[in-house]
Structure formats: C-alpha cells, structure tokens
Amino acid sequence: MTAHVEAEVGFSGQQPKAVRKALVMLEAVAHLGPGATAKEIARFAGVAPTTAYRMLNLLVADGFLVRVPDLSGFALGRRTAELSRAAVATDTSPTLHETVEELRSHTRFGLHVASFAGGRLRFVDQDPDHEIVGITLLAKNLHANALGKVMLAHNPALNERLELRRLTDFTVCDPEVLRAELMQAQLDGHAFENQECRLGRSALAVPIRNHAAEVVGGLCLQGSPLRVSPTDYEQLRFLHEGSRRLTGLL
C-alpha cells in the first residue's frame with residue numbers, strides 16, 4: 001500500500017503524509033461503519049475532498065476498502081480484515097465486546113454501546129437479550145434518548161441543526177428545557193430518558209472516552225420506567241464503572 005499510495009498521490013519516500021492520510025481514512029471507515037460516504041470520511045479524516053476521493057479509489061484498488069453494494073459508500077476490505085485478525089491474535093487484552101458481555105452478566109437490564117464517531121450515533125454492541133425497539137429513531141432523534149443526550153451534551157455544535165420532534169407526550173421539545181438538561185447531563189456525567197422516544201422504556205447513559213479523555217461513545221442501560229431511575233445510585237455506579245472499563249476500547 002505504501003508504495004502504491006505514495007506513487008499515485010505524488011509523494012516521495014521522504015514525505016510520508018500520504019501514508020498517514022491513508023491510515024486515518026481507514027480509521028475513519030472503521031469508526032463510521034459500512035456505508036460511510038466519501039464526504040463523511042473526508043470530514044472525519046480532515047482531508048480535502050479531492051484528495052479523499054483519489055485515495056479512497058487507491059485503497060479500494062489495493063483491497064483495503066470495498067464499495068458497498070449500492071456504491072453509495074465504503075467499508076473495510078479483505079486486506080484490512082486480515083490485519084485486524086493478525087492484531088487480535090497477538091493481543092491478549094479484553095476486547096470491547098468481551099468487556100461489555102462481562103458487564104451484562106452483572107445486570108438484568110439491557111446494556112448497549114454506541115459510537116459517536118463522525119457526529120453520528122451508531123450502535124456497535126447491542127444486547128442480544130434486550131432488543132432495542134425502534135432503533136432507527138434513536139440516531140434521528142438525539143434529543144429524545146439517553147445516548148443522544150450524552151452525545152449532544154459533549155458536542156454542542158450538533159444542537160445547531162437539531163429538529164426537536166415530538167415522539168411521545170414525554171419528549172422534551174422546548175429548546176431551553178433541553179439546553180438546561182444537557183448542561184446538567186454534562187455536570188452529572190450521565191443522561192436520563194423517560195419514555196421520550198418510546199412509551200414503556202427508560203434509559204440511563206454515560207459517556208465512553210478514549211485514552212485522550214475525549215468522549216467517543218456511550219454506554220446505555222435500558223429498562224422499564226418503573227425500574228430505571230436517575231436517582232438509583234447502584235445503577236449509576238454500575239454504569240460509571242463500566243464506562244471506566246471501556247476507556248480506550250471503542
């Protein structure tokens with residue numbers, strides 16, 4: 001990949017910028033998930049669109065990326081998967097999924113993990129025993145769910161284009177009320193959802209950080225409104241401890 005990318009993009013062996021950009025773009029696809037568009041990848045990687053298009057084509061040609069079936073975006077390719085398998089084979093530290101599964105063994109509630117990469121809420125580890133009904137609504141209505149509120153609290157710029165749709169009688173649609181709630185969520189370190197996206201469901205969520213202390217996702221505990229509460233300190237302690245254990249794994 002190195003020789004191919006540098007030669008095509010016009011960088012010499014003394015200028016490894018092309019290699020770094022290629023790696024960052026692979027990282028962008030890994031974070032954004034299958035179907036990430038060239039524009040989303042360019043924005044995530046901080047690469048000019050024209051450079052992104054050219055390098056994406058090279059990465060596809062080399063087998064590190066593939067185009068999704070409808071050609072609307074990209075996904076990781078065979079050669080990237082081979083690198084990932086080789087890395088896993090030599091790494092004995094627990095993976096994100098292994099850690100979340102261990103946490104699930106200590107709670108009767110649904111436990112889910114989402115990524116916030118690229119300004120988009122995307123579930124990366126769903127609890128197989130607790131289906132998220134209406135899951136597509138969550139990413140489209142950040143104001144109406146606990147994970148979305150964590151995301152908004154730590155990325156205020158997302159509020160600028162937010163449409164406060166009413167999904168239930170409990171949905172917070174007043175901008176000032178929501179702003180105060182997000183400020184409190186940032187101070188408290190957790191967000192609460194009380195039947196705001198779907199009746200009969202409440203949730204608590206806490207941020208997941210990388211090793212640079214940046215919020216990159218969220219851990220969510222979901223259950224009945226009668227059982228999930230922001231005043232239940234055992235639930236909050238469990239979530240915060242889980243978040244600490246997931247640091248750097250997302």
# chains A, B, ... in the order shown; residues from 1 in each chain; ligands from 1
call {"tool": "residues_around", "arguments": {"residues": "range 195-207 of chain A", "least_positions_apart": "5", "cutoff": "8 Å", "atoms": "only C-alpha atoms", "output": "ChimeraX atom specification"}}
result
/A:134,137-138,141,144-147,150-151,167-172,189-190,215-225,228-230,236,239-240,243
call {"tool": "write_last_selection", "arguments": {"atoms": "C-alpha atoms", "output": "mmCIF file, in the first residue's frame"}}
result
data_model
loop_
_atom_site.group_PDB
_atom_site.id
_atom_site.type_symbol
_atom_site.label_atom_id
_atom_site.label_comp_id
_atom_site.auth_asym_id
_atom_site.auth_seq_id
_atom_site.Cartn_x
_atom_site.Cartn_y
_atom_site.Cartn_z
ATOM 1 C CA GLY A 134 -37.495 1.434 17.130
ATOM 2 C CA LEU A 137 -35.462 6.533 15.697
ATOM 3 C CA LEU A 138 -32.596 6.964 18.157
ATOM 4 C CA ASN A 141 -33.826 11.995 17.359
ATOM 5 C CA ALA A 144 -35.272 12.026 22.754
ATOM 6 C CA ASN A 145 -32.935 9.335 24.077
ATOM 7 C CA ALA A 146 -30.280 8.990 26.758
ATOM 8 C CA LEU A 147 -27.375 8.193 24.417
ATOM 9 C CA VAL A 150 -24.871 12.362 26.145
ATOM 10 C CA MET A 151 -23.733 12.982 22.588
ATOM 11 C CA LEU A 167 -42.282 11.309 19.577
ATOM 12 C CA THR A 168 -44.319 10.809 22.768
ATOM 13 C CA ASP A 169 -46.052 13.024 25.311
ATOM 14 C CA PHE A 170 -42.835 12.875 27.348
ATOM 15 C CA THR A 171 -40.463 14.133 24.626
ATOM 16 C CA VAL A 172 -38.613 17.333 25.567
ATOM 17 C CA GLY A 189 -21.741 12.683 33.883
ATOM 18 C CA HIS A 190 -24.930 10.891 32.805
ATOM 19 C CA VAL A 215 -15.967 11.408 24.514
ATOM 20 C CA VAL A 216 -16.221 8.920 21.630
ATOM 21 C CA GLY A 217 -19.372 6.996 22.532
ATOM 22 C CA GLY A 218 -21.788 5.990 25.230
ATOM 23 C CA LEU A 219 -22.870 3.099 27.449
ATOM 24 C CA CYS A 220 -26.621 2.780 27.923
ATOM 25 C CA LEU A 221 -28.715 0.873 30.464
ATOM 26 C CA GLN A 222 -32.300 0.348 29.272
ATOM 27 C CA GLY A 223 -35.407 -0.944 31.030
ATOM 28 C CA SER A 224 -38.864 -0.243 32.405
ATOM 29 C CA PRO A 225 -39.676 3.305 33.625
ATOM 30 C CA VAL A 228 -34.590 2.632 35.617
ATOM 31 C CA SER A 229 -34.073 5.875 37.506
ATOM 32 C CA PRO A 230 -31.510 8.705 37.699
ATOM 33 C CA LEU A 236 -25.250 4.930 38.182
ATOM 34 C CA LEU A 239 -22.639 2.460 34.554
ATOM 35 C CA HIS A 240 -19.757 4.717 35.554
ATOM 36 C CA SER A 243 -17.597 3.295 31.289
#
call {"tool": "select_by_dssp", "arguments": {"residues": "range 36-237 of chain A", "states": "strand (DSSP E)", "output": "VMD selection string"}}
result
chain A and resid 65 to 67 74 to 76 110 to 115 122 to 125 191 to 194 202 to 209 215 to 223
call {"tool": "atom_distance", "arguments": {"atom1": "CA of Leu250 in chain A", "atom2": "CA of Arg78 in chain A"}}
result
21.5 Å
call {"tool": "residues_around", "arguments": {"residues": "range 45-47 of chain A", "least_positions_apart": "4", "cutoff": "10 Å", "atoms": "only C-alpha atoms", "output": "compact mmCIF listing (two decimals) with all heavy atoms, in the first residue's frame"}}
result
# COMPACT_ATOMS: atom_id res chain seq x y z
N LYS A 21 -2.33 9.86 5.83
CA LYS A 21 -3.71 10.16 5.42
C LYS A 21 -4.47 8.88 5.09
O LYS A 21 -5.64 8.73 5.44
CB LYS A 21 -3.71 11.10 4.21
CG LYS A 21 -3.29 12.52 4.54
CD LYS A 21 -3.30 13.40 3.30
CE LYS A 21 -2.86 14.82 3.63
NZ LYS A 21 -2.80 15.69 2.44
N ALA A 22 -3.80 7.96 4.43
CA ALA A 22 -4.45 6.69 4.09
C ALA A 22 -4.86 5.94 5.35
O ALA A 22 -5.96 5.39 5.44
CB ALA A 22 -3.52 5.84 3.23
N LEU A 23 -3.98 5.93 6.35
CA LEU A 23 -4.28 5.23 7.60
C LEU A 23 -5.42 5.90 8.35
O LEU A 23 -6.30 5.23 8.91
CB LEU A 23 -3.02 5.17 8.47
CG LEU A 23 -1.88 4.30 7.94
CD1 LEU A 23 -0.64 4.46 8.81
CD2 LEU A 23 -2.30 2.83 7.88
N VAL A 24 -5.43 7.23 8.35
CA VAL A 24 -6.51 7.96 9.02
C VAL A 24 -7.83 7.70 8.32
O VAL A 24 -8.89 7.59 8.97
CB VAL A 24 -6.19 9.47 9.06
CG1 VAL A 24 -7.40 10.25 9.56
CG2 VAL A 24 -5.00 9.75 9.96
N MET A 25 -7.80 7.58 7.00
CA MET A 25 -9.03 7.31 6.27
C MET A 25 -9.54 5.90 6.54
O MET A 25 -10.75 5.66 6.63
CB MET A 25 -8.82 7.56 4.78
CG MET A 25 -8.60 9.05 4.48
SD MET A 25 -8.18 9.40 2.79
CE MET A 25 -9.77 9.14 2.01
N LEU A 26 -8.64 4.95 6.69
CA LEU A 26 -9.05 3.60 7.09
C LEU A 26 -9.67 3.63 8.49
O LEU A 26 -10.69 2.97 8.76
CB LEU A 26 -7.85 2.65 7.08
CG LEU A 26 -7.31 2.24 5.71
CD1 LEU A 26 -6.03 1.42 5.88
CD2 LEU A 26 -8.35 1.43 4.94
N GLU A 27 -9.06 4.41 9.37
CA GLU A 27 -9.60 4.56 10.72
C GLU A 27 -10.99 5.18 10.67
O GLU A 27 -11.89 4.79 11.42
CB GLU A 27 -8.67 5.43 11.56
CG GLU A 27 -9.14 5.62 13.00
CD GLU A 27 -8.25 6.58 13.77
OE1 GLU A 27 -7.40 7.24 13.16
OE2 GLU A 27 -8.44 6.66 15.00
N ALA A 28 -11.18 6.15 9.77
CA ALA A 28 -12.48 6.81 9.63
C ALA A 28 -13.56 5.81 9.24
O ALA A 28 -14.66 5.80 9.81
CB ALA A 28 -12.40 7.93 8.59
N VAL A 29 -13.26 4.95 8.28
CA VAL A 29 -14.23 3.93 7.84
C VAL A 29 -14.53 2.96 8.96
O VAL A 29 -15.67 2.55 9.17
CB VAL A 29 -13.72 3.19 6.59
CG1 VAL A 29 -14.70 2.10 6.18
CG2 VAL A 29 -13.52 4.16 5.42
N LYS A 39 -17.65 11.90 1.52
CA LYS A 39 -17.71 13.20 2.20
C LYS A 39 -17.55 13.03 3.71
O LYS A 39 -16.83 13.80 4.35
CB LYS A 39 -19.05 13.88 1.88
CG LYS A 39 -19.17 15.30 2.43
CD LYS A 39 -20.49 15.94 2.03
CE LYS A 39 -20.57 16.15 0.54
NZ LYS A 39 -21.82 16.88 0.16
N GLU A 40 -18.22 12.02 4.29
CA GLU A 40 -18.10 11.78 5.73
C GLU A 40 -16.68 11.37 6.10
O GLU A 40 -16.14 11.82 7.12
CB GLU A 40 -19.08 10.67 6.14
CG GLU A 40 -20.54 11.07 6.09
CD GLU A 40 -21.47 9.90 6.36
OE1 GLU A 40 -21.09 8.76 6.03
OE2 GLU A 40 -22.58 10.13 6.89
N ILE A 41 -16.07 10.54 5.26
CA ILE A 41 -14.71 10.08 5.54
C ILE A 41 -13.73 11.25 5.46
O ILE A 41 -12.84 11.39 6.30
CB ILE A 41 -14.32 8.98 4.53
CG1 ILE A 41 -15.20 7.74 4.74
CG2 ILE A 41 -12.85 8.60 4.69
CD1 ILE A 41 -15.10 6.73 3.62
N THR A 51 -8.62 15.02 -2.51
CA THR A 51 -7.61 14.05 -2.07
C THR A 51 -8.29 12.79 -1.55
O THR A 51 -7.83 11.67 -1.82
CB THR A 51 -6.73 14.66 -0.96
OG1 THR A 51 -6.08 15.83 -1.46
CG2 THR A 51 -5.68 13.67 -0.49
N ALA A 52 -9.38 12.97 -0.82
CA ALA A 52 -10.10 11.82 -0.26
C ALA A 52 -10.60 10.90 -1.37
O ALA A 52 -10.41 9.67 -1.30
CB ALA A 52 -11.27 12.30 0.59
N TYR A 53 -11.21 11.45 -2.41
CA TYR A 53 -11.74 10.63 -3.49
C TYR A 53 -10.62 9.83 -4.16
O TYR A 53 -10.76 8.65 -4.46
CB TYR A 53 -12.44 11.50 -4.54
CG TYR A 53 -13.71 12.14 -4.04
CD1 TYR A 53 -13.94 13.50 -4.19
CD2 TYR A 53 -14.70 11.38 -3.41
CE1 TYR A 53 -15.10 14.09 -3.73
CE2 TYR A 53 -15.86 11.96 -2.95
CZ TYR A 53 -16.07 13.33 -3.12
OH TYR A 53 -17.22 13.90 -2.65
N MET A 55 -7.64 8.98 -2.92
CA MET A 55 -7.04 7.97 -2.05
C MET A 55 -8.01 6.83 -1.76
O MET A 55 -7.61 5.67 -1.62
CB MET A 55 -6.57 8.63 -0.75
CG MET A 55 -5.47 9.64 -0.98
SD MET A 55 -4.69 10.20 0.55
CE MET A 55 -3.67 8.79 0.93
N GLY A 118 -17.86 10.75 13.89
CA GLY A 118 -18.38 11.48 12.75
C GLY A 118 -19.66 12.23 13.03
O GLY A 118 -20.39 12.60 12.11
call {"tool": "closest_residue", "arguments": {"among": "A:Asp125, A:Leu249, A:Thr107, A:Glu181", "to": "Glu234 in chain A", "atoms": "only C-alpha atoms"}}
result
A:Thr107
call {"tool": "closest_residue", "arguments": {"among": "A:Glu98, A:Glu193, A:Arg43, A:Ala30", "to": "Thr80 in chain A", "atoms": "only C-alpha atoms"}}
result
A:Ala30
call {"tool": "closest_residue", "arguments": {"among": "A:Asn159, A:Asn57, A:Ala117, A:Asp127", "to": "Leu103 in chain A", "atoms": "only C-alpha atoms"}}
result
A:Asp127
call {"tool": "closest_residue", "arguments": {"among": "A:Asp232, A:Asp62, A:Asp188, A:Glu176", "to": "Gly77 in chain A", "atoms": "only C-alpha atoms"}}
result
A:Asp62
call {"tool": "select_by_dssp", "arguments": {"residues": "range 29-250 of chain A", "states": "alpha helix (DSSP H)", "output": "VMD selection string"}}
result
chain A and resid 29 to 32 38 to 45 49 to 61 78 to 90 96 to 104 135 to 140 146 to 154 175 to 188 233 to 245
call {"tool": "closest_residue", "arguments": {"among": "A:Tyr233, A:Phe123, A:Phe116, A:Phe238", "to": "Arg209 in chain A", "atoms": "only C-alpha atoms"}}
result
A:Phe116
call {"tool": "closest_residue", "arguments": {"among": "A:Leu182, A:His106, A:Gly248, A:Asn155", "to": "Ala213 in chain A", "atoms": "only C-alpha atoms"}}
result
A:Gly248
call {"tool": "residues_around", "arguments": {"residues": "Val68 in chain A", "least_positions_apart": "2", "cutoff": "12 Å", "atoms": "only C-alpha atoms", "output": "VMD selection string"}}
result
chain A and resid 29 33 to 38 60 65 to 66 70 to 77
